[in-house]
Structure formats: structure tokens, C-alpha cells
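J.: Sharing a structure below in C-alpha cells format, with a few things to ask.
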Amino acid sequence: MPTLHLSALYEHPLKSARGQAVETAEVCPEGLAFDRRFLVHTPDGTFVSGRSHPRLVLIEPRWDGLTLKLSAPGVSDLTLQPTLTRETSVAVWKDRFPAWDQGDTAAAWFSAFLKDTVRLAWLGESRRLLRWDRDRRVTFADAAPLLLLGTASLRNLSDRVGETLSMRRFRPNLVVDGVQPFEEDSWRRLRIGEVEFLNLDGCGRCEFTTIDPETAERHPRGEPVATLEAFRRVDTGIYFGMNLMPLSTGMLRCGDPVTVLEHRRPLIFGPMPSFPGTSVAGWPEGPAVLRCTAVRTEAPEVKTFRLVRQDGQKVGWNAGQYLSVKLTLPDGIVHRSYSLSSAPGTELEVTVKRFEDGRASGWIHEHWRVGSTIQAEALGGNFTLQDHPWPSYLFLGAGSGVTPLISMLRWIADQDLNVAVAFHQTYRTRAEVLFAAELETLRQRLGDRLKLTTRITAEEGRMDHQSLVKFCPDLRDRRAFVCGPSGFRAGVRELLMGAGFKVDRRYHEELFGEAPMVVPDDAVPGIMTFIKSKKKVLSDGRTTILQLAERAGIELPSSCRSGDCGTCRVSLSDGTWVLACRCYPSGDETFEL
């Protein structure tokens with residue numbers, strides 16, 4: 001018997017019911033041929049599992065591809081041949097897709113045994129898209145086609161719990177032996193017998209594992225979840241076992257050798273180690289005068305400006321932060337924030353794109369020269385690696401939105417951090433590409449720690465689900481940093497959510513430019529009164545409070561100008577607060593300014 005081998009195979013024809021130990025199994029693109037092909041669901045199509053209906057684990061299904069035989073304690077056996085007579089809609093977590101209802105007799109059998117009104121669905125030919133690859137289908141499984149678990153990992157967990165835990169409790173398809181505990185965490189691509197697999201991510205565990213598969217009783221101490229919680233938790237849950245996707249098809253047999261073809265970075269459980277902080281004390285308190293010492297053109301309408309403090313004080317920052325500046329324009333004072341593109345520990349640089357209607361960016365391009373002085377107000381922002389340490393990242397930038405990301409990448413290289421980065425940048429045309437030569441140099445320096453792609457939308461169109469997951473198949477393991485125009489950010493969020501990425505936990509977004517303003521159709525003109533300055537401004541209800549104040553020469557604190565940072569919050573006469581970067585469409589108003 002090979003040292004590393006497939007020691008057991010399980011098929012679970014009915015989701016959440018008892019699994020069948022088999023000697024051989026056929027691997028199809030969507031999983032094992034006889035695995036998770038039937039589903040119990042509520043009348044509205046929502047799937048039913050052992051989490052809510054523990055007695056499901058007592059049902060023993062037998063499925064040969066033609067006939068389903070069901071046995072359960074205290075009830076007569078049921079035998080049925082699945083039909084494609086009545087299409088129905090079912091939901092497994094966030095996925096809703098068509099399946100085939102198996103009639104009233106099956107519904108009555110399950111309803112009687114589970115003591116609830118439920119029905120039975122058959123998958124037939126799967127029409128449920130796999131989140132990792134929209135050209136593939138998946139069964140009624142929670143997320144991935146197959147689940148793998150190592151026997152050594154189970155023994156380790158049993159020792160920690162203090163009792164022997166059954167492999168059936170964790171419902172794997174593939175069990176491997178001859179490995180160290182949790183060694184499978186580090187596998188990326190593997191071959192079992194004649195079939196290759198891709199390790200997608202860790203399998204999240206829930207209270208279902210506390211159900212005894214022999215009795216349907218819950219563990220009195222909440223095990224093994226209580227123990228897993230203590231040593232297998234990350235920010236998105238607790239993990240035990242690995243989700244796999246087949247890269248080929250074929251037959252598996254117990255005893256087949258297992259060959260690891262490629263490794264991945266395993267998740268870090270418990271507190272993340274911190275990254276180095278800034279190399280100097282930071283930004284000395286209060287506004288400062290900066291002097292421009294160099295200007296270089298990065299692309300048409302994009303320039304980088306190197307700046308130093310006029311008073312000679314050192315400046316420190318974290319990669320990803322921004323510089324807030326005060327600009328005195330011919331038509332008034334404006335405040336802007338620009339991401340730093342240089343790495344901490346080097347000289348301060350900002351990279352600014354000139355927009356056609358950019359009031360500030362156009363002025364900067366025309367007036368900032370070597371020797372120019374700039375009024376700087378502060379450094380800020382928590383769009384930084386130091387605030388969000390992680391072993392692997394996904395950087396997604398569009399246009400000059402790549403500037404904070406290049407700062408992060410430069411810093412990673414300077415610090416020689418052992419972190420992985422998948423960096424995808426998007427531009428409309430090739431002429432707009434930034435930092436191309438340097439990025440290639442960084443790729444050579446960082447080796448397999450950096451994966452880099454560039455997309456030109458005029459030639460290839462926008463990034464879609466398939467191109468995203470092909471570029472970064474392990475994106476659900478990573479922490480995402482996204483910067484670019486609002487439409488790009490919204491599209492990226494949608495793509496990541498569609499791939500099962502936890503945007504509420506690992507998604508970080510930096511604003512780029514001014515967000516498009518929603519202008520009210522029923523705006524009421526009025527007089528804006530600013531109490532402290534005693535100035536009155538006529539408002540059409542469609543112009544932002546911030547713009548009206550700036551036109552009147554009133555300085556308001558502001559930064560992103562899109563409402564996300566909250567810096568421009570102002571008080572109304574009734575004591576309520578509004579953001580000055582928004583319109584006030586309801587007639588007269590008085591501000592405490």
C-alpha cells in the first residue's frame with residue numbers, strides 16, 4: 001500500500017442523509033456520480049439539512065443511478081425511480097436553480113419521518129453553476145464538488161476532544177491516509193489514481209458536526225465545534241477538511257496513490273502576526289508646507305510628484321494611505337486627498353491623473369513644478385496592510401486607482417515580506433498602463449509571491465467571473481484591496497460576492513475620484529445660510545453643499561468628496577447632520593458654519 005493513499009470513499013446520494021462507503025466511485029465534472037443528487041426541501045424550495053432536521057442522518061439511501069431505495073427507523077422502506085415530470089425551483093444557500101420534484105408519495109414519506117412539511121427533489125442533469133468556474137456545474141453539495149479529509153487530522157481532533165469521532169460525522173467524499181495532521185491544508189493540486197483535483201479552499205464547519213450520525217443526538221458539550229473553535233478558526237469561520245474541484249474525470253478506487261503536484265499557502269489560524277509599522281515617527285502634527293523636488297510623467301495625463309517637508313521634518317506613513325492637500329485655485333479653495341504611490345521609508349510621492357473635468361487635478365498638472373510649494377494638511381486612511389495583515393492578498397486596481405496598490409507592493413518587496421499577492425490591473429487602453437516596467441521587476445524580485453495580470457478593456461472587455469477565478473482560484477482565502485472608479489469597484493464587489501468571497505470580512509475599498517452624484521428630480525431651490533461666516537448662497541437644490549461653500553470662499557473639512565469617509569459632515573439648524581458632499585434639495589437651510 002503506498003504511503004500516501006486514498007483509504008476510504010463515501011457517496012451521499014441524499015444531502016444530509018447517511019453516506020455510503022464504497023470501494024470505487026466515478027468522478028464527474030460536478031462531483032462523484034452518485035453524490036448529493038437528491039435534496040429534501042421546504043415547500044418554497046429552501047433546502048433542509050441536518051442542522052435543522054437532525055433525523056435526516058438516520059435515513060439510509062441506496063442509489064445506483066436508476067433506483068433510489070430509502071430506509072429509516074420506524075417507517076416502511078420507500079423505493080422510487082426518479083422522474084423528470086415536474087420541474088421545481090430549489091435553493092441551496094444563495095444559489096437558486098431548477099430541479100425535479102419527485103411527487104406526493106415521496107413528500108409524504110419524508111414529511112412523516114421528519115415531522116415537517118417537506119418535499120424531495122432530484123438533481124437530474126445539474127443546472128447549478130459552480131461559483132469557482134461558471135463553465136462547470138455542481139450538485140446539491142453546500143459549495144464544492146468534493147470534500148477531502150485526512151485520517152491523521154481526524155485522529156488529532158479526536159485526541160483534543162477526548163473521544164473517538166466518527167469520520168461519518170464530517171461527511172467527506174475522499175479520505176486520505178499517510179499524511180501528517182492537517183497536511184492537506186497545504187495542498188493546491190493533487191492526483192488520486194488517474195484523476196487530478198484542485199484544492200479550492202477550506203471547508204467551513206457548523207453545528208451539523210455536533211450531530212451523532214448513528215443516533216441523531218447532539219453532542220452534550222457541543223463537540224467537535226467547541227474544540228475546532230479553539231484552534232481552527234479564521235475570520236470567516238472554522239475549517240476542517242478541504243473543498244476540491246476535479247480537473248479531470250475517471251474512476252477512483254480505495255488504495256489509489258495520492259500525489260501532491262502543487263502546494264499552497266495554508267491559512268493561519270488564530271491571531272495574525274503584525275507587519276512592521278512605519279519606519280519613522282509619522283506625520284508631525286498640524287498642516288505643513290511641502291516642496292516639490294521632482295516630477296515625472298508616468299503615462300498621458302498621469303504625473304508623479306515627489307514632495308518633502310519644507311521644515312525638514314521626516315514623514316512616515318503606511319502603504320496605502322493618502323495625503324490631504326489644500327489648493328488655492330482662482331475660483332476658490334478646494335481640498336483633495338491623493339493616495340501615496342511610494343513605499344514607506346522612501347521619499348513622499350503622489351501620482352495624480354488629470355481628468356477632463358477635474359478642477360483640482362488639472363490645476364495640479366499645470367502648476368506643480370520642481371520648487372513649487374504645496375499646502376499639506378495631513379496623512380490618513382486605514383486602507384493599509386498594517387491595519388489588515390494577512391498571508392495572501394488580492395489587489396484589484398483600475399486606472400490611477402493602482403497608486404495605493406503599487407505603494408503596498410513596493411513596501412512588500414522592500415520589507416521582503418513572506419506574503420503572496422495576486423495583482424490585477426485594468427485600463428481602458430494600453431497607453432494608460434502605469435508602472436509596467438517596475439511591476440515586471442517586482443515580479444522577478446518576488447518570484448512566486450507575485451502573480452500579475454493586466455486587462456485592456458478596449459481590447460478584451462471588462463473582467464468577468466471566469467477571468468477573475470481563473471486568475472485567482474484561491475481568492476476566497478485572500479484579503480482583497482480594491483481601488484478605482486466607482487463603477488469598477490461596484491463590479492468587482494459583485495464578482496467577488498458571486499464567487500463566494502466574504503466581502504463583509506476581507507474586502508477593503510479605497511475611493512478614487514468623486515463618486516457620481518444622484519441629482520434629485522424634484523429639487524426645490526433655496527437659500528443656504530452659513531451662520532459663522534454670515535454668508536448666504538443661492539442653491540438650485542442640485543449642487544452639493546460643499547461646492548456651494550467653496551464657491552463662497554468658505555473652507556469646509558473634506559477628503560474623499562463622495563460621502564464615504566464622513567469628513568465633510570456638517571450640522572443643520574435643527575441639530576441633525578448631513579454630508580456636505582451631497583445635495584440639499586429641500587429649499588432654505590441654515591448651517592452651523
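Ordering of the C-alpha cells sets the chain letters (A, B, ...); residue numbers start at 1 within each chain; ligands are numbered from 1 in the order shown.
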Using DSSP assignments from the backbone, pull out every residue in stretch 213-280 of chain A that falls under strand (DSSP E) and give it to me as a PyMOL selection string.

T.: chain A and resi 233-234+237-246+250-253+258-263

J.: Compile the contact shell of stretch 520-536 of chain A as a list in words: residues with an atom at most 10 Å away, counting only C-alpha atoms, same-chain residues fewer than 2 positions apart removed.

T.: Met517, Val518, Leu538, Ser539, Asp540, Gly541, Arg542, Thr543, Ile545, Leu548, Ala549, Ala552, Gly553, Ile554, Leu572, Ser573, Cys583, Tyr584, Pro585, Ser586, Gly587, Asp588, Glu589, Thr590, Phe591, Glu592 and Leu593 of chain A

J.: Quick one: write out the picked residues with N, CA and C atoms as a PDB file, in the first residue's frame?

T.:
```pdb
ATOM      1  N   MET A 517     -22.855  61.815  -8.425  1.00  0.00           N
ATOM      2  CA  MET A 517     -23.882  62.333  -7.533  1.00  0.00           C
ATOM      3  C   MET A 517     -25.272  62.011  -8.076  1.00  0.00           C
ATOM      4  N   VAL A 518     -26.130  61.553  -7.198  1.00  0.00           N
ATOM      5  CA  VAL A 518     -27.527  61.342  -7.563  1.00  0.00           C
ATOM      6  C   VAL A 518     -28.240  62.691  -7.423  1.00  0.00           C
ATOM      7  N   LEU A 538     -27.258  81.164  -2.984  1.00  0.00           N
ATOM      8  CA  LEU A 538     -28.428  80.650  -3.672  1.00  0.00           C
ATOM      9  C   LEU A 538     -28.168  79.221  -4.118  1.00  0.00           C
ATOM     10  N   SER A 539     -29.086  78.315  -3.789  1.00  0.00           N
ATOM     11  CA  SER A 539     -28.946  76.899  -4.151  1.00  0.00           C
ATOM     12  C   SER A 539     -30.041  76.495  -5.125  1.00  0.00           C
ATOM     13  N   ASP A 540     -29.658  75.720  -6.133  1.00  0.00           N
ATOM     14  CA  ASP A 540     -30.655  75.178  -7.064  1.00  0.00           C
ATOM     15  C   ASP A 540     -31.150  73.803  -6.614  1.00  0.00           C
ATOM     16  N   GLY A 541     -30.655  73.325  -5.465  1.00  0.00           N
ATOM     17  CA  GLY A 541     -31.048  72.012  -4.961  1.00  0.00           C
ATOM     18  C   GLY A 541     -30.344  70.867  -5.641  1.00  0.00           C
ATOM     19  N   ARG A 542     -29.559  71.170  -6.657  1.00  0.00           N
ATOM     20  CA  ARG A 542     -28.852  70.125  -7.408  1.00  0.00           C
ATOM     21  C   ARG A 542     -27.331  70.252  -7.285  1.00  0.00           C
ATOM     22  N   THR A 543     -26.869  71.252  -6.577  1.00  0.00           N
ATOM     23  CA  THR A 543     -25.445  71.475  -6.352  1.00  0.00           C
ATOM     24  C   THR A 543     -25.115  71.097  -4.922  1.00  0.00           C
ATOM     25  N   ILE A 545     -23.643  70.920  -1.149  1.00  0.00           N
ATOM     26  CA  ILE A 545     -23.363  71.920  -0.114  1.00  0.00           C
ATOM     27  C   ILE A 545     -21.882  72.287  -0.140  1.00  0.00           C
ATOM     28  N   LEU A 548     -21.157  74.639  -3.008  1.00  0.00           N
ATOM     29  CA  LEU A 548     -21.688  75.969  -2.726  1.00  0.00           C
ATOM     30  C   LEU A 548     -20.803  76.712  -1.737  1.00  0.00           C
ATOM     31  N   ALA A 549     -20.348  76.017  -0.698  1.00  0.00           N
ATOM     32  CA  ALA A 549     -19.485  76.654   0.298  1.00  0.00           C
ATOM     33  C   ALA A 549     -18.164  77.082  -0.326  1.00  0.00           C
ATOM     34  N   ALA A 552     -18.326  80.158  -2.256  1.00  0.00           N
ATOM     35  CA  ALA A 552     -18.478  81.347  -1.412  1.00  0.00           C
ATOM     36  C   ALA A 552     -17.224  81.641  -0.602  1.00  0.00           C
ATOM     37  N   GLY A 553     -16.170  80.869  -0.818  1.00  0.00           N
ATOM     38  CA  GLY A 553     -14.930  81.085  -0.092  1.00  0.00           C
ATOM     39  C   GLY A 553     -14.950  80.535   1.326  1.00  0.00           C
ATOM     40  N   ILE A 554     -15.848  79.608   1.604  1.00  0.00           N
ATOM     41  CA  ILE A 554     -15.952  79.001   2.936  1.00  0.00           C
ATOM     42  C   ILE A 554     -15.209  77.667   2.921  1.00  0.00           C
ATOM     43  N   LEU A 572     -27.023  70.925  10.613  1.00  0.00           N
ATOM     44  CA  LEU A 572     -28.108  71.794  10.177  1.00  0.00           C
ATOM     45  C   LEU A 572     -28.655  72.578  11.359  1.00  0.00           C
ATOM     46  N   SER A 573     -29.528  73.516  11.072  1.00  0.00           N
ATOM     47  CA  SER A 573     -30.085  74.376  12.125  1.00  0.00           C
ATOM     48  C   SER A 573     -30.905  73.600  13.136  1.00  0.00           C
ATOM     49  N   CYS A 583     -26.244  66.828  -2.186  1.00  0.00           N
ATOM     50  CA  CYS A 583     -27.157  67.938  -2.464  1.00  0.00           C
ATOM     51  C   CYS A 583     -28.109  68.122  -1.289  1.00  0.00           C
ATOM     52  N   TYR A 584     -28.595  69.352  -1.120  1.00  0.00           N
ATOM     53  CA  TYR A 584     -29.687  69.605  -0.177  1.00  0.00           C
ATOM     54  C   TYR A 584     -30.858  70.113  -1.011  1.00  0.00           C
ATOM     55  N   PRO A 585     -31.808  69.226  -1.354  1.00  0.00           N
ATOM     56  CA  PRO A 585     -32.807  69.551  -2.376  1.00  0.00           C
ATOM     57  C   PRO A 585     -34.104  70.141  -1.851  1.00  0.00           C
ATOM     58  N   SER A 586     -34.134  70.589  -0.602  1.00  0.00           N
ATOM     59  CA  SER A 586     -35.432  70.929   0.002  1.00  0.00           C
ATOM     60  C   SER A 586     -35.562  72.381   0.422  1.00  0.00           C
ATOM     61  N   GLY A 587     -35.060  73.297  -0.384  1.00  0.00           N
ATOM     62  CA  GLY A 587     -35.281  74.708  -0.099  1.00  0.00           C
ATOM     63  C   GLY A 587     -34.289  75.302   0.876  1.00  0.00           C
ATOM     64  N   ASP A 588     -34.751  76.320   1.647  1.00  0.00           N
ATOM     65  CA  ASP A 588     -33.865  77.056   2.551  1.00  0.00           C
ATOM     66  C   ASP A 588     -33.289  76.154   3.642  1.00  0.00           C
ATOM     67  N   GLU A 589     -32.048  76.472   4.049  1.00  0.00           N
ATOM     68  CA  GLU A 589     -31.438  75.768   5.170  1.00  0.00           C
ATOM     69  C   GLU A 589     -30.325  76.620   5.754  1.00  0.00           C
ATOM     70  N   THR A 590     -30.100  76.431   7.048  1.00  0.00           N
ATOM     71  CA  THR A 590     -29.052  77.154   7.761  1.00  0.00           C
ATOM     72  C   THR A 590     -28.057  76.147   8.320  1.00  0.00           C
ATOM     73  N   PHE A 591     -26.761  76.444   8.136  1.00  0.00           N
ATOM     74  CA  PHE A 591     -25.698  75.556   8.568  1.00  0.00           C
ATOM     75  C   PHE A 591     -24.883  76.208   9.676  1.00  0.00           C
ATOM     76  N   GLU A 592     -24.407  75.399  10.601  1.00  0.00           N
ATOM     77  CA  GLU A 592     -23.579  75.897  11.699  1.00  0.00           C
ATOM     78  C   GLU A 592     -22.146  76.058  11.219  1.00  0.00           C
ATOM     79  N   LEU A 593     -21.935  76.920  10.249  1.00  0.00           N
ATOM     80  CA  LEU A 593     -20.615  77.108   9.663  1.00  0.00           C
ATOM     81  C   LEU A 593     -20.318  78.581   9.493  1.00  0.00           C
TER      82      LEU A 593
END
```

J.: Calculate how many Å separate atom CA of A:Val350 from atom CA of A:Gly316, rounding to one decimal.

T.: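 Pair atom CA of A:Val350 / atom CA of A:Gly316 returns 14.0 Å.
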
J.: So how many Å separate atom CA of A:Leu267 and atom CA of A:Pro389, to one decimal?

T.: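 Atom CA of A:Pro389 lies 12.6 Å from atom CA of A:Leu267.
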
J.: What's the 6 Å shell around A:Phe38, counting only C-alpha atoms, without same-chain residues fewer than 6 positions away, as a VMD selection string?

T.: chain A and resid 14 121 to 122

J.: Which of these residues is nearest to A:Leu174, using only C-alpha atoms: A:Thr209, A:Thr351, A:Ser7, A:Gln20?

T.: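 Looking at the shortest contact to A:Leu174, the residue is A:Ser7.
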
J.: Could you tell me how far atom CA of A:Gly31 sits from atom CA of A:Leu261, in Å to one decimal place?

T.: 20.2 Å

J.: Which of these, A:Leu348, A:Leu198, A:Leu579, A:Leu78, has the shortest distance to A:Pro246 once you count only C-alpha atoms?

T.: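 So, comparing all the options, the nearest one is A:Leu198.
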
J.: Would you please extract all alpha helix (DSSP H) residues from stretch 364-578 of chain A, as assigned by DSSP on the backbone, and give them as a PyMOL selection string?

T.: chain A and resi 364-367+403-415+436-446+457-460+465-471+486-498+503-506+545-551

J.: Please provide the set of residues having any atom within 10 Å of stretch 327-339 of chain A, restricted to only C-alpha atoms, with same-chain residues fewer than 4 positions apart removed, written as a tab-separated table (two decimals) with C-alpha atoms, in the first residue's frame.

T.:
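Wrote it out as out_3.tsv, contents follow:
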```
chain	number	residue	atom	x	y	z
A	319	ALA	CA	1.49	51.83	2.44
A	320	GLY	CA	-1.97	52.65	1.11
A	321	GLN	CA	-2.52	55.91	2.99
A	322	TYR	CA	-3.35	59.23	1.34
A	323	LEU	CA	-2.10	62.80	1.55
A	349	GLU	CA	5.31	60.72	-3.78
A	350	VAL	CA	1.78	61.12	-5.12
A	351	THR	CA	0.68	60.06	-8.58
A	352	VAL	CA	-2.11	62.22	-9.99
A	353	LYS	CA	-4.19	61.62	-13.09
A	359	ARG	CA	-10.98	71.00	-11.19
A	360	ALA	CA	-8.06	70.15	-8.90
A	361	SER	CA	-6.15	67.59	-10.98
A	363	TRP	CA	-4.64	72.74	-11.80
A	364	ILE	CA	-2.03	70.46	-10.21
A	374	ILE	CA	2.10	72.80	-1.54
A	375	GLN	CA	-0.12	73.25	1.50
A	376	ALA	CA	-0.50	69.80	3.06
A	377	GLU	CA	-2.95	69.11	5.87
A	378	ALA	CA	-2.42	65.53	6.99
A	379	LEU	CA	-1.80	61.91	6.13
A	380	GLY	CA	-4.57	59.43	6.78
A	381	GLY	CA	-6.53	56.32	5.86
A	383	PHE	CA	-6.60	51.20	3.52
A	400	SER	CA	-4.75	55.56	-11.47
A	401	GLY	CA	-6.54	53.60	-8.75
A	402	VAL	CA	-3.46	51.34	-8.79
A	403	THR	CA	-1.44	54.04	-6.98
A	404	PRO	CA	-2.05	52.86	-3.38
A	405	LEU	CA	-1.60	49.27	-4.55
A	407	SER	CA	2.81	51.59	-2.79
A	510	GLU	CA	-10.28	52.89	-1.45
A	511	LEU	CA	-12.25	55.59	-3.18
A	512	PHE	CA	-10.92	57.06	-6.37
A	513	GLY	CA	-12.12	60.43	-7.61
A	546	LEU	CA	-19.58	71.53	-0.37
A	547	GLN	CA	-19.46	73.08	-3.81
A	549	ALA	CA	-19.48	76.65	0.30
A	550	GLU	CA	-16.28	76.56	-1.75
A	551	ARG	CA	-17.73	78.99	-4.28
A	552	ALA	CA	-18.48	81.35	-1.41
A	553	GLY	CA	-14.93	81.08	-0.09
A	554	ILE	CA	-15.95	79.00	2.94
A	555	GLU	CA	-13.50	76.29	3.90
A	556	LEU	CA	-15.13	73.00	4.89
A	557	PRO	CA	-13.23	69.91	6.04
A	558	SER	CA	-13.44	67.33	3.26
A	559	SER	CA	-11.47	64.50	1.82
A	560	CYS	CA	-12.98	61.85	-0.44
A	561	ARG	CA	-15.84	64.08	-1.69
```

J.: Please determine, counting only C-alpha atoms, which residue among A:Thr83, A:Gln425, A:Ser52, A:Gln386 has the shortest atom-to-atom distance to A:Gln102.

T.: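 That would be A:Thr83, the residue with the smallest distance to A:Gln102.
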
J.: Excluding A:Gly498 and its own-chain neighbours fewer than 6 positions away, which residues fall within 10 Å of it when counting only C-alpha atoms? Please give them as a ChimeraX atom specification.

T.: /A:94-95,130-132,465,492

J.: Those residues with N, CA and C atoms, as a PDB file, in the first residue's frame please?

T.:
```
ATOM      1  N   LYS A  94     -27.232  30.526  -1.208  1.00  0.00           N
ATOM      2  CA  LYS A  94     -27.614  31.658  -2.049  1.00  0.00           C
ATOM      3  C   LYS A  94     -27.919  31.252  -3.488  1.00  0.00           C
ATOM      4  N   ASP A  95     -27.731  29.989  -3.809  1.00  0.00           N
ATOM      5  CA  ASP A  95     -27.971  29.525  -5.179  1.00  0.00           C
ATOM      6  C   ASP A  95     -29.411  29.020  -5.324  1.00  0.00           C
ATOM      7  N   LEU A 130     -21.215  26.363 -10.692  1.00  0.00           N
ATOM      8  CA  LEU A 130     -20.179  26.330  -9.675  1.00  0.00           C
ATOM      9  C   LEU A 130     -19.575  27.721  -9.544  1.00  0.00           C
ATOM     10  N   ARG A 131     -19.494  28.238  -8.340  1.00  0.00           N
ATOM     11  CA  ARG A 131     -19.024  29.611  -8.152  1.00  0.00           C
ATOM     12  C   ARG A 131     -17.588  29.804  -8.611  1.00  0.00           C
ATOM     13  N   TRP A 132     -16.758  28.791  -8.480  1.00  0.00           N
ATOM     14  CA  TRP A 132     -15.362  28.930  -8.873  1.00  0.00           C
ATOM     15  C   TRP A 132     -15.170  28.910 -10.380  1.00  0.00           C
ATOM     16  N   HIS A 465     -16.563  36.910 -14.354  1.00  0.00           N
ATOM     17  CA  HIS A 465     -16.380  35.901 -13.324  1.00  0.00           C
ATOM     18  C   HIS A 465     -15.305  34.897 -13.708  1.00  0.00           C
ATOM     19  N   VAL A 492     -16.488  44.867  -9.202  1.00  0.00           N
ATOM     20  CA  VAL A 492     -15.617  43.927  -8.505  1.00  0.00           C
ATOM     21  C   VAL A 492     -16.327  43.317  -7.303  1.00  0.00           C
TER      22      VAL A 492
END
```

J.: Show me, as a PyMOL selection string, the residues that have an atom within 8 Å of A:Arg171 when counting only C-alpha atoms, minus same-chain residues fewer than 2 positions from it.

T.: chain A and resi 10+12+19+147+167-169+173

J.: Which residues, written as number ranges by chain, have at least one atom at most 9 Å from A:Cys472, with only C-alpha atoms counted and residues fewer than 5 positions away on the same chain left out?

T.: A: 394, 422, 451, 467

J.: Using the selection just defined, write its residues with C-alpha atoms as a compact mmCIF listing (two decimals), in the first residue's frame.

T.:
```
# COMPACT_ATOMS: atom_id res chain seq x y z
CA LEU A 394 -5.81 40.08 -3.99
CA ALA A 422 -2.31 38.42 -6.92
CA LYS A 451 1.06 36.95 -9.73
CA SER A 467 -11.38 35.60 -15.85
```
